[in-house]
file my_file.cif (mmCIF, C-alpha atoms)
data_target
#
loop_
_atom_site.label_atom_id
_atom_site.label_comp_id
_atom_site.auth_asym_id
_atom_site.auth_seq_id
_atom_site.Cartn_x
_atom_site.Cartn_y
_atom_site.Cartn_z
CA MET E 73 -54.65 -77.84 142.25
CA PHE E 74 -57.44 -76.82 139.87
CA PHE E 75 -58.56 -74.00 142.17
CA GLY E 76 -55.11 -73.38 143.64
CA LYS E 77 -54.74 -69.75 142.49
CA ILE E 78 -58.22 -68.82 143.70
CA ILE E 79 -57.64 -70.47 147.08
CA GLU E 80 -54.18 -68.95 147.50
CA GLY E 81 -55.73 -65.50 147.11
CA LEU E 82 -57.74 -66.15 150.29
CA TYR E 83 -54.72 -66.96 152.49
CA GLY E 84 -54.38 -63.34 153.63
CA ASN E 85 -57.37 -63.91 155.91
CA ASN E 86 -55.86 -65.87 158.82
CA THR E 87 -59.14 -67.41 159.97
CA LEU E 88 -60.03 -68.52 156.46
CA ALA E 89 -56.50 -69.81 155.89
CA ILE E 90 -56.76 -71.94 159.04
CA GLY E 91 -60.09 -73.34 157.88
CA ILE E 92 -58.71 -74.20 154.45
CA PHE E 93 -55.63 -75.77 156.06
CA VAL E 94 -57.75 -78.01 158.31
CA LEU E 95 -59.92 -79.06 155.35
CA VAL E 96 -56.94 -79.83 153.08
CA LEU E 97 -55.06 -81.59 155.90
CA ALA E 98 -58.10 -83.71 156.83
CA THR E 99 -58.60 -84.72 153.19
CA ILE E 100 -54.95 -85.72 152.75
CA ILE E 101 -54.85 -87.64 156.05
CA GLY E 102 -58.12 -89.37 155.14
CA ALA E 103 -56.65 -90.38 151.78
CA ALA E 104 -53.48 -91.61 153.53
CA PHE E 105 -55.59 -93.78 155.84
CA GLY E 106 -57.37 -95.14 152.76
CA VAL E 107 -54.05 -96.00 151.16
CA VAL E 108 -52.90 -97.79 154.31
CA LYS E 109 -56.20 -99.69 154.61
CA GLU E 110 -55.93 -101.07 151.08
CA ALA E 111 -52.21 -101.77 151.44
CA ASP E 112 -52.85 -103.55 154.74
CA GLU E 113 -55.47 -105.77 153.09
CA LEU E 114 -52.92 -106.61 150.38
CA ALA E 115 -50.40 -107.32 153.14
CA HIS E 116 -52.70 -109.93 154.68
CA LYS E 117 -53.38 -111.49 151.29
CA LEU E 118 -49.76 -111.71 150.14
CA GLY E 119 -48.06 -112.48 153.47
CA GLU E 120 -44.66 -111.29 154.67
CA PRO E 121 -42.56 -109.58 153.55
CA TYR E 122 -44.46 -108.76 150.32
CA GLY E 123 -47.44 -107.22 152.07
CA THR E 124 -45.45 -104.98 154.36
CA LEU E 125 -43.28 -103.90 151.43
CA ILE E 126 -46.37 -102.78 149.49
CA LEU E 127 -47.52 -100.84 152.54
CA THR E 128 -44.20 -99.06 153.06
CA LEU E 129 -43.73 -98.27 149.36
CA SER E 130 -47.24 -96.80 149.20
CA ILE E 131 -46.54 -94.58 152.17
CA VAL E 132 -43.15 -93.45 150.86
CA SER E 133 -44.71 -92.49 147.53
CA ILE E 134 -47.00 -90.10 149.44
CA GLU E 135 -43.99 -88.68 151.28
CA VAL E 136 -42.13 -87.99 148.02
CA ILE E 137 -45.22 -86.23 146.60
CA LEU E 138 -45.49 -83.93 149.65
CA ILE E 139 -41.75 -83.19 149.77
CA VAL E 140 -41.67 -82.25 146.08
CA ALA E 141 -44.72 -80.02 146.61
CA MET E 142 -42.89 -78.23 149.45
CA MET E 143 -39.77 -77.89 147.27
CA PHE E 144 -41.83 -76.08 144.63
CA GLY E 145 -43.84 -74.05 147.15
CA PRO E 146 -43.78 -70.25 147.41
CA GLU E 147 -40.92 -70.31 149.93
CA ASP E 148 -37.46 -71.68 149.13
CA ASN E 149 -37.18 -74.93 151.08
CA PRO E 150 -33.78 -76.56 150.38
CA THR E 151 -33.79 -78.67 153.58
CA ILE E 152 -37.36 -80.05 153.38
CA GLY E 153 -36.14 -83.50 152.22
CA LYS E 154 -33.69 -83.79 155.11
CA ASP E 155 -36.20 -82.33 157.59
CA SER E 156 -38.83 -84.87 156.55
CA ILE E 157 -36.48 -87.89 156.62
CA PHE E 158 -34.98 -86.90 159.98
CA SER E 159 -38.47 -86.35 161.44
CA VAL E 160 -39.55 -89.75 160.13
CA MET E 161 -36.57 -91.33 161.86
CA MET E 162 -37.33 -89.72 165.22
CA ILE E 163 -41.05 -90.52 165.00
CA ILE E 164 -40.76 -94.07 163.66
CA MET E 165 -37.65 -95.29 165.52
CA ASN E 166 -38.30 -93.58 168.85
CA LEU E 167 -41.97 -92.65 169.30
CA VAL E 168 -43.63 -95.53 167.44
CA LEU E 169 -41.15 -98.30 168.25
CA GLY E 170 -40.98 -97.00 171.82
CA LEU E 171 -44.75 -97.41 172.10
CA CYS E 172 -44.57 -100.85 170.44
CA ILE E 173 -41.92 -102.07 172.90
CA LEU E 174 -43.63 -100.53 175.94
CA LEU E 175 -47.27 -101.42 175.22
CA GLY E 176 -46.45 -104.82 173.73
CA GLY E 177 -44.22 -105.59 176.71
CA LEU E 178 -46.82 -104.51 179.24
CA ARG E 179 -49.38 -106.84 177.62
CA HIS E 180 -47.14 -109.82 176.81
CA GLY E 181 -44.14 -109.42 179.13
CA GLU E 182 -41.37 -110.09 176.63
CA GLN E 183 -41.74 -110.24 172.87
CA GLU E 184 -39.75 -112.13 170.28
CA TYR E 185 -38.72 -111.08 166.80
CA ASN E 186 -36.41 -112.22 164.03
CA ALA E 187 -33.06 -110.95 165.31
CA GLN E 188 -30.99 -111.51 162.17
CA GLY E 189 -33.49 -109.76 159.91
CA THR E 190 -33.75 -106.85 162.32
CA ILE E 191 -29.97 -106.41 162.28
CA THR E 192 -30.05 -106.18 158.47
CA TYR E 193 -32.65 -103.41 158.73
CA LEU E 194 -30.47 -101.48 161.19
CA SER E 195 -27.39 -102.01 159.02
CA MET E 196 -29.27 -100.54 156.06
CA ILE E 197 -30.40 -97.59 158.17
CA ILE E 198 -26.81 -96.87 159.21
CA MET E 199 -25.57 -97.14 155.62
CA LEU E 200 -28.31 -95.16 153.89
CA GLY E 201 -28.75 -92.57 156.63
CA GLY E 202 -25.01 -92.06 157.06
CA ILE E 203 -24.33 -91.72 153.32
CA SER E 204 -27.19 -89.31 152.66
CA MET E 205 -27.34 -87.15 155.80
CA MET E 206 -24.01 -87.36 157.67
CA ILE E 207 -21.48 -87.33 154.83
CA PRO E 208 -22.73 -83.94 153.45
CA ASN E 209 -21.43 -82.22 156.60
CA PHE E 210 -17.89 -83.50 156.06
CA ILE E 211 -17.32 -83.02 152.32
CA GLU E 212 -16.38 -79.98 150.27
CA GLY E 213 -19.20 -80.42 147.71
CA LYS E 214 -20.75 -77.13 146.65
CA GLY E 215 -20.39 -75.88 150.20
CA ASN E 216 -22.93 -75.58 153.02
CA GLY E 217 -23.64 -79.33 152.95
CA GLU E 218 -24.76 -79.45 149.32
CA PHE E 219 -23.74 -82.25 146.96
CA THR E 220 -22.16 -81.40 143.62
CA SER E 221 -24.01 -82.65 140.54
CA VAL E 222 -21.58 -85.57 140.19
CA GLN E 223 -21.89 -86.45 143.88
CA ALA E 224 -25.69 -86.21 143.83
CA THR E 225 -25.94 -88.43 140.75
CA SER E 226 -23.42 -90.99 141.99
CA ILE E 227 -24.81 -91.20 145.53
CA SER E 228 -28.38 -91.47 144.21
CA GLY E 229 -27.29 -94.36 141.99
CA LEU E 230 -25.48 -96.13 144.82
CA ILE E 231 -28.43 -95.74 147.20
CA ILE E 232 -30.84 -97.11 144.58
CA LEU E 233 -28.44 -99.99 143.85
CA LEU E 234 -28.02 -100.91 147.52
CA TYR E 235 -31.76 -100.63 148.18
CA GLY E 236 -32.46 -102.74 145.08
CA PHE E 237 -30.11 -105.50 146.27
CA PHE E 238 -31.72 -105.36 149.72
CA LEU E 239 -35.19 -105.80 148.22
CA ALA E 240 -34.01 -108.65 146.01
CA TYR E 241 -32.60 -110.56 148.98
CA GLN E 242 -35.64 -109.74 151.11
CA MET E 243 -38.08 -110.94 148.46
CA LYS E 244 -36.28 -114.10 147.36
CA GLY E 245 -33.77 -116.31 149.17
CA TYR E 246 -33.86 -114.50 152.53
CA ARG E 247 -37.57 -113.95 153.12
CA HIS E 248 -37.24 -116.08 156.24
CA LEU E 249 -35.30 -113.26 157.98
CA TYR E 250 -38.41 -111.06 158.01
CA ILE E 251 -40.98 -113.56 159.25
CA GLN E 252 -41.99 -114.05 162.89
CA PRO E 253 -40.06 -117.06 164.33
CA LYS E 254 -41.76 -119.85 166.23
CA PRO E 255 -42.44 -119.17 169.93
CA GLY E 256 -39.29 -119.53 172.00
CA GLN E 257 -36.97 -118.71 169.10
CA MET E 258 -35.31 -115.52 167.85
CA GLU E 259 -34.33 -116.70 164.38
CA ILE E 260 -35.23 -118.89 161.42
CA LEU E 261 -32.25 -120.82 160.12
CA PHE E 262 -31.36 -120.79 156.42
CA SER E 263 -31.88 -124.56 156.33
CA GLN E 264 -35.44 -124.02 157.65
CA ARG E 265 -36.33 -121.20 155.24
CA ASN E 266 -38.72 -123.29 153.12
CA GLU E 267 -40.72 -124.28 156.19
CA SER E 268 -41.39 -120.63 157.00
CA GLN E 269 -42.72 -119.46 153.62
CA GLN E 270 -46.23 -118.03 153.46
CA PRO E 271 -47.31 -118.43 149.85
CA ASP E 272 -51.01 -117.79 150.46
CA GLY E 273 -51.13 -114.89 152.90
CA HIS E 274 -51.73 -116.54 156.26
CA GLY E 275 -51.42 -120.01 154.76
CA ASN E 276 -55.11 -120.88 154.69
CA GLU E 277 -56.41 -118.27 152.30
CA LYS E 278 -55.90 -118.39 148.55
CA VAL E 279 -54.80 -115.19 146.90
CA SER E 280 -57.29 -113.91 144.33
CA ARG E 281 -55.47 -112.08 141.55
CA LYS E 282 -58.63 -110.19 140.69
CA GLU E 283 -58.99 -108.93 144.26
CA VAL E 284 -55.31 -107.99 144.44
CA LEU E 285 -55.63 -106.03 141.18
CA LEU E 286 -58.81 -104.30 142.35
CA ARG E 287 -57.30 -103.28 145.68
CA THR E 288 -54.18 -102.03 143.92
CA LEU E 289 -56.31 -99.79 141.67
CA VAL E 290 -58.24 -98.47 144.68
CA LEU E 291 -54.92 -97.80 146.45
CA LEU E 292 -53.67 -95.76 143.48
CA ALA E 293 -56.98 -93.88 143.33
CA MET E 294 -56.63 -92.92 147.02
CA ILE E 295 -53.23 -91.37 146.27
CA LEU E 296 -54.80 -89.04 143.65
CA PRO E 297 -56.33 -86.51 146.14
CA ILE E 298 -52.93 -86.24 147.83
CA VAL E 299 -51.30 -85.37 144.50
CA LEU E 300 -53.98 -82.79 143.69
CA LEU E 301 -53.92 -81.09 147.10
CA SER E 302 -50.20 -81.29 147.90
CA HIS E 303 -49.39 -77.89 146.37
CA ASN E 304 -52.12 -76.14 148.38
CA LEU E 305 -50.92 -77.85 151.56
CA ALA E 306 -47.34 -76.73 150.88
CA THR E 307 -48.49 -73.13 150.37
CA LEU E 308 -50.53 -73.19 153.57
CA VAL E 309 -47.68 -74.68 155.61
CA ASP E 310 -45.20 -72.10 154.31
CA TYR E 311 -47.67 -69.31 155.05
CA GLY E 312 -48.41 -70.59 158.57
CA ILE E 313 -44.77 -71.11 159.54
CA LYS E 314 -43.86 -67.63 158.29
CA GLU E 315 -46.82 -65.83 159.87
CA MET E 316 -46.47 -67.55 163.26
CA ASN E 317 -42.66 -67.46 163.26
CA LEU E 318 -42.44 -71.21 163.88
CA PRO E 319 -39.33 -73.41 163.46
CA PRO E 320 -38.84 -74.37 159.77
CA LEU E 321 -38.33 -78.03 160.80
CA LEU E 322 -42.08 -78.22 161.52
CA GLY E 323 -42.73 -78.52 157.77
CA GLY E 324 -40.81 -81.80 157.72
CA VAL E 325 -42.44 -82.94 160.96
CA LEU E 326 -45.89 -82.30 159.49
CA ILE E 327 -45.08 -84.38 156.40
CA ALA E 328 -43.82 -87.21 158.62
CA ILE E 329 -46.98 -87.08 160.75
CA ILE E 330 -49.32 -87.05 157.74
CA VAL E 331 -47.51 -89.88 156.01
CA PHE E 332 -46.75 -92.24 158.86
CA THR E 333 -49.63 -91.83 161.33
CA PRO E 334 -51.75 -94.61 159.72
CA GLU E 335 -48.79 -96.98 159.42
CA SER E 336 -47.73 -96.18 162.99
CA MET E 337 -51.15 -97.17 164.29
CA THR E 338 -50.87 -100.45 162.37
CA ALA E 339 -47.44 -101.11 163.91
CA VAL E 340 -48.63 -100.49 167.48
CA LYS E 341 -51.65 -102.74 166.85
CA ALA E 342 -49.32 -105.50 165.60
CA ALA E 343 -47.17 -105.24 168.75
CA MET E 344 -50.27 -105.42 170.94
CA ASN E 345 -51.30 -108.58 169.03
CA ASN E 346 -47.87 -110.09 169.77
CA GLU E 347 -46.81 -109.83 166.11
CA PHE E 348 -43.66 -107.92 166.92
CA GLN E 349 -41.80 -108.83 163.74
CA ARG E 350 -44.59 -107.19 161.75
CA ALA E 351 -44.15 -104.04 163.85
CA ILE E 352 -40.42 -104.08 163.07
CA ASN E 353 -41.07 -104.70 159.38
CA LEU E 354 -43.40 -101.71 159.31
CA CYS E 355 -41.16 -99.32 161.26
CA HIS E 356 -37.66 -100.24 160.14
CA GLY E 357 -38.88 -101.10 156.65
CA ALA E 358 -40.60 -97.71 156.43
CA PHE E 359 -37.42 -95.83 157.27
CA VAL E 360 -35.24 -97.92 154.95
CA SER E 361 -37.73 -97.29 152.13
CA THR E 362 -37.91 -93.60 153.04
CA VAL E 363 -34.17 -93.09 152.65
CA GLY E 364 -33.75 -95.58 149.81
CA LEU E 365 -36.41 -93.92 147.66
CA THR E 366 -36.84 -90.36 148.95
CA VAL E 367 -33.18 -89.30 148.87
CA PRO E 368 -32.57 -90.30 145.21
CA SER E 369 -35.96 -88.85 144.16
CA VAL E 370 -35.35 -85.49 145.82
CA LEU E 371 -31.74 -85.25 144.60
CA ILE E 372 -32.67 -86.12 141.01
CA ILE E 373 -35.66 -83.74 140.97
CA GLY E 374 -33.43 -81.04 142.43
CA LEU E 375 -30.90 -81.54 139.64
CA ILE E 376 -33.55 -81.51 136.91
CA ALA E 377 -35.31 -78.42 138.30
CA SER E 378 -32.08 -76.64 139.35
CA LYS E 379 -33.29 -76.55 142.97
CA THR E 380 -30.89 -76.36 145.90
CA VAL E 381 -31.14 -79.55 147.99
CA LEU E 382 -29.40 -79.74 151.37
CA PHE E 383 -29.26 -83.06 153.23
CA GLY E 384 -26.61 -82.20 155.81
CA MET E 385 -27.86 -82.30 159.41
CA THR E 386 -27.27 -79.69 162.09
CA PRO E 387 -24.96 -80.66 165.01
CA THR E 388 -28.01 -81.25 167.25
CA GLU E 389 -29.67 -83.45 164.64
CA THR E 390 -26.44 -85.38 164.14
CA ILE E 391 -26.20 -86.16 167.86
CA LEU E 392 -29.85 -87.27 168.01
CA PHE E 393 -29.29 -89.37 164.87
CA VAL E 394 -26.27 -91.15 166.40
CA ILE E 395 -27.96 -91.71 169.78
CA THR E 396 -31.00 -93.18 168.00
CA LEU E 397 -28.80 -95.57 166.01
CA ILE E 398 -26.83 -96.72 169.07
CA LEU E 399 -29.98 -97.15 171.18
CA SER E 400 -31.70 -99.08 168.37
CA MET E 401 -28.71 -101.39 167.94
CA LEU E 402 -28.77 -102.16 171.67
CA SER E 403 -32.58 -102.46 171.79
CA PHE E 404 -32.58 -105.12 169.05
CA SER E 405 -29.30 -106.86 169.76
CA GLY E 406 -30.81 -110.35 169.66
CA ARG E 407 -32.58 -110.27 173.00
CA ARG E 408 -36.30 -110.20 173.69
CA THR E 409 -37.91 -106.82 174.20
CA ALA E 410 -38.13 -105.16 177.62
CA PRO E 411 -40.64 -102.36 178.43
CA ILE E 412 -37.95 -100.14 180.01
CA VAL E 413 -36.21 -99.91 176.62
CA GLY E 414 -39.44 -98.56 175.15
CA ILE E 415 -39.42 -95.79 177.75
CA MET E 416 -35.85 -94.89 176.73
CA HIS E 417 -36.95 -94.43 173.11
CA LEU E 418 -39.92 -92.31 174.20
CA VAL E 419 -37.69 -90.06 176.33
CA LEU E 420 -35.36 -89.55 173.35
CA PHE E 421 -38.35 -88.54 171.23
CA ALA E 422 -39.41 -86.07 173.94
CA VAL E 423 -35.91 -84.51 173.78
CA PHE E 424 -36.34 -84.16 170.00
CA VAL E 425 -39.65 -82.29 170.45
CA ILE E 426 -38.18 -79.98 173.13
CA LEU E 427 -35.23 -79.09 170.90
CA ILE E 428 -37.49 -78.21 167.97
CA PHE E 429 -39.02 -75.30 169.91
CA ASN E 430 -36.10 -74.51 172.22
CA PRO E 431 -32.86 -75.35 170.39
#

call {"tool": "encode", "arguments": {"input": "my_file.cif", "output": "C-alpha cells"}}
result
Amino acid sequence: MFFGKIIEGLYGNNTLAIGIFVLVLATIIGAAFGVVKEADELAHKLGEPYGTLILTLSIVSIEVILIVAMMFGPEDNPTIGKDSIFSVMMIIMNLVLGLCILLGGLRHGEQEYNAQGTITYLSMIIMLGGISMMIPNFIEGKGNGEFTSVQATSISGLIILLYGFFLAYQMKGYRHLYIQPKPGQMEILFSQRNESQQPDGHGNEKVSRKEVLLRTLVLLAMILPIVLLSHNLATLVDYGIKEMNLPPLLGGVLIAIIVFTPESMTAVKAAMNNEFQRAINLCHGAFVSTVGLTVPSVLIIGLIASKTVLFGMTPTETILFVITLILSMLSFSGRRTAPIVGIMHLVLFAVFVILIFNP
C-alpha cells in the first residue's frame, strides 16, 4: 500500500508484473497460513464449536478484505462478491468435502458425524445462499440483478439477524449439535447435551487466558500484511485477467483459493484423523460465515461508496448451485459417509472448472 503507486507503474512490464504478483501472492498466502495456524491453536484450546468459529471468522475477515480491495481496484468489478462466494461454495462443498469423504472413507471405511447439526448447517446454506444469490435474478430491483437501496439494507439486516441467531444457538444451548458423537452414534440428544460439553479444549487441558490473548494478538498481526497488500493484489489480478483475456470469474476463484486453502488442508487432515464432525464444522461453517458476513459487508460498503454490487448468478451458476445443494443434502442425510459420494462431489467440481474456461 505504501509503495502502491510506484509498484503499479511497473506493471507494464509483463515479466516484472508476474514477479511482483508471485511475491505479493506468496506473502498473502503465507499470512493466511499464519492466521489459520494461530486460529487452529485457539480451536484446540477452546474446544468445539468455539475454536472452529474463531477459525472461520478469521478466514472470512480476510475474504472481505480481498473482495473490498477488488471492488476498489482499477477495473469495475460489480460481481466480485458473488464470484468469490460462489467459488467458495464450489471449492468448499465439492472439492474439499469431496476429498474429506473420499480420503476419510478410504482410510476408515465409514465415518460418523453429528447428523442434526449438519442439517442445520445445510438449512442455513440454503437460506442465506438463496436469499443473497438466487433471489436477485427474480426481482425487479434496479435491474440486471441489482438490489435497490431498500432491498440491500433490509436483506443485509435479515442475513445478519439470522446469522446472529444461528451463532447464539450454536454457542449456547445447542453446542451439542456440533460436537462429534460417540462411536456408533449419529447424534447427541438434547438430554445428553451437558455430558458432551468441552469446557477446557480437549477436556484435559486448562485454558490459559494469557495464552489465548497472546495468540489472538498474533492472529490479528498476521492479518495486517493482507490488508496492506490487498490493493496491489487486486491491481495485479485485474491487469493479468485483462492482458491474458481470462474469464472474469477467475478473480473470485483466486480469492477463494487464497482464503480457504489453509482451512481446507485442516479439514482434510481432520477427516483423515477420523474427526469428521470437525471437517464439517470447518467446511459448512466456513460457507455459512462467508455468506452471513460477506454479503452484508459488501452490500453495505457498496451503498456507502456508491458502488454497483451484483449478486445474481448466471443460469449455469444457478444450476451448479442447486445441484450442489441437492447433492449435499443427500450426502449428509443422516447416514454414514461413503467414498463414492466423495467422488460425486469431486466430479461436480471438475464440471465447475471446465465451465469456467469453456462456458

call {"tool": "residues_around", "arguments": {"input": "my_file.cif", "residues": "range 142-157 of chain E", "least_positions_apart": "5", "cutoff": "8 Å", "atoms": "only C-alpha atoms", "output": "ChimeraX atom specification"}}
result
/E:205,303,306-307,310,321,323-325,327-328,362-363,366-367,370,379-385

call {"tool": "closest_residue", "arguments": {"input": "my_file.cif", "among": "E:Leu127, E:Val222, E:Met199, E:Leu138", "to": "Leu291 in chain E", "atoms": "only C-alpha atoms"}}
result
E:Leu127

call {"tool": "closest_residue", "arguments": {"input": "my_file.cif", "among": "E:Thr190, E:Ser403, E:Asn216, E:Thr388", "to": "Phe424 in chain E", "atoms": "all atoms listed in the file"}}
result
E:Thr388

call {"tool": "resolve_selection", "arguments": {"input": "my_file.cif", "expression": "the PyMOL selection byres ((chain E and resi 130-134) around 8)", "output": "PyMOL selection string"}}
result
chain E and resi 104+107-108+111+126-129+135-138+295+298+331-332+335+358+361-362+365-366

call {"tool": "closest_residue", "arguments": {"input": "my_file.cif", "among": "E:Met294, E:Thr87, E:Gly236, E:Ile191", "to": "Leu402 in chain E", "atoms": "only C-alpha atoms"}}
result
E:Ile191

call {"tool": "axis_aligned_box", "arguments": {"input": "my_file.cif", "around": "range 94-110 of chain E", "padding_each_side": "6 Å", "output": "lines of an AutoDock Vina configuration file"}}
result
center_x = -56.4
center_y = -89.5
center_z = 154.7
size_x = 19.0
size_y = 35.1
size_z = 19.2

call {"tool": "resolve_selection", "arguments": {"input": "my_file.cif", "expression": "the PyMOL selection byres ((chain E and resi 408) around 10)", "output": "list of chain:residue names"}}
result
E:Ile173, E:Gly177, E:Gly181, E:Glu182, E:Gln183, E:Glu184, E:Tyr185, E:Asn186, E:Ala187, E:Gly256, E:Gln257, E:Met258, E:Ser403, E:Phe404, E:Ser405, E:Gly406, E:Arg407, E:Thr409, E:Ala410

call {"tool": "closest_residue", "arguments": {"input": "my_file.cif", "among": "E:Val360, E:Val290, E:Met316, E:Ile92", "to": "Glu110 in chain E", "atoms": "only C-alpha atoms"}}
result
E:Val290

call {"tool": "resolve_selection", "arguments": {"input": "my_file.cif", "expression": "the PyMOL selection byres ((chain E and resi 343-354) around 9)", "output": "number ranges by chain"}}
result
E: 120-121, 124-125, 127-128, 169, 171-173, 175-177, 179-180, 183-186, 190, 193, 250-253, 335-336, 338-342, 355-359

call {"tool": "atom_distance", "arguments": {"input": "my_file.cif", "atom1": "CA of Pro319 in chain E", "atom2": "CA of Leu200 in chain E"}}
result
26.2 Å

call {"tool": "closest_residue", "arguments": {"input": "my_file.cif", "among": "E:Gly374, E:Pro411, E:Met196, E:Glu389", "to": "Phe237 in chain E", "atoms": "all atoms listed in the file"}}
result
E:Met196

call {"tool": "closest_residue", "arguments": {"input": "my_file.cif", "among": "E:Ala240, E:Thr396, E:Ile415, E:Arg281", "to": "Leu118 in chain E", "atoms": "only C-alpha atoms"}}
result
E:Arg281

call {"tool": "atom_distance", "arguments": {"input": "my_file.cif", "atom1": "CA of Ile398 in chain E", "atom2": "CA of Gly189 in chain E"}}
result
17.3 Å

call {"tool": "atom_distance", "arguments": {"input": "my_file.cif", "atom1": "CA of Val168 in chain E", "atom2": "CA of Lys109 in chain E"}}
result
18.4 Å
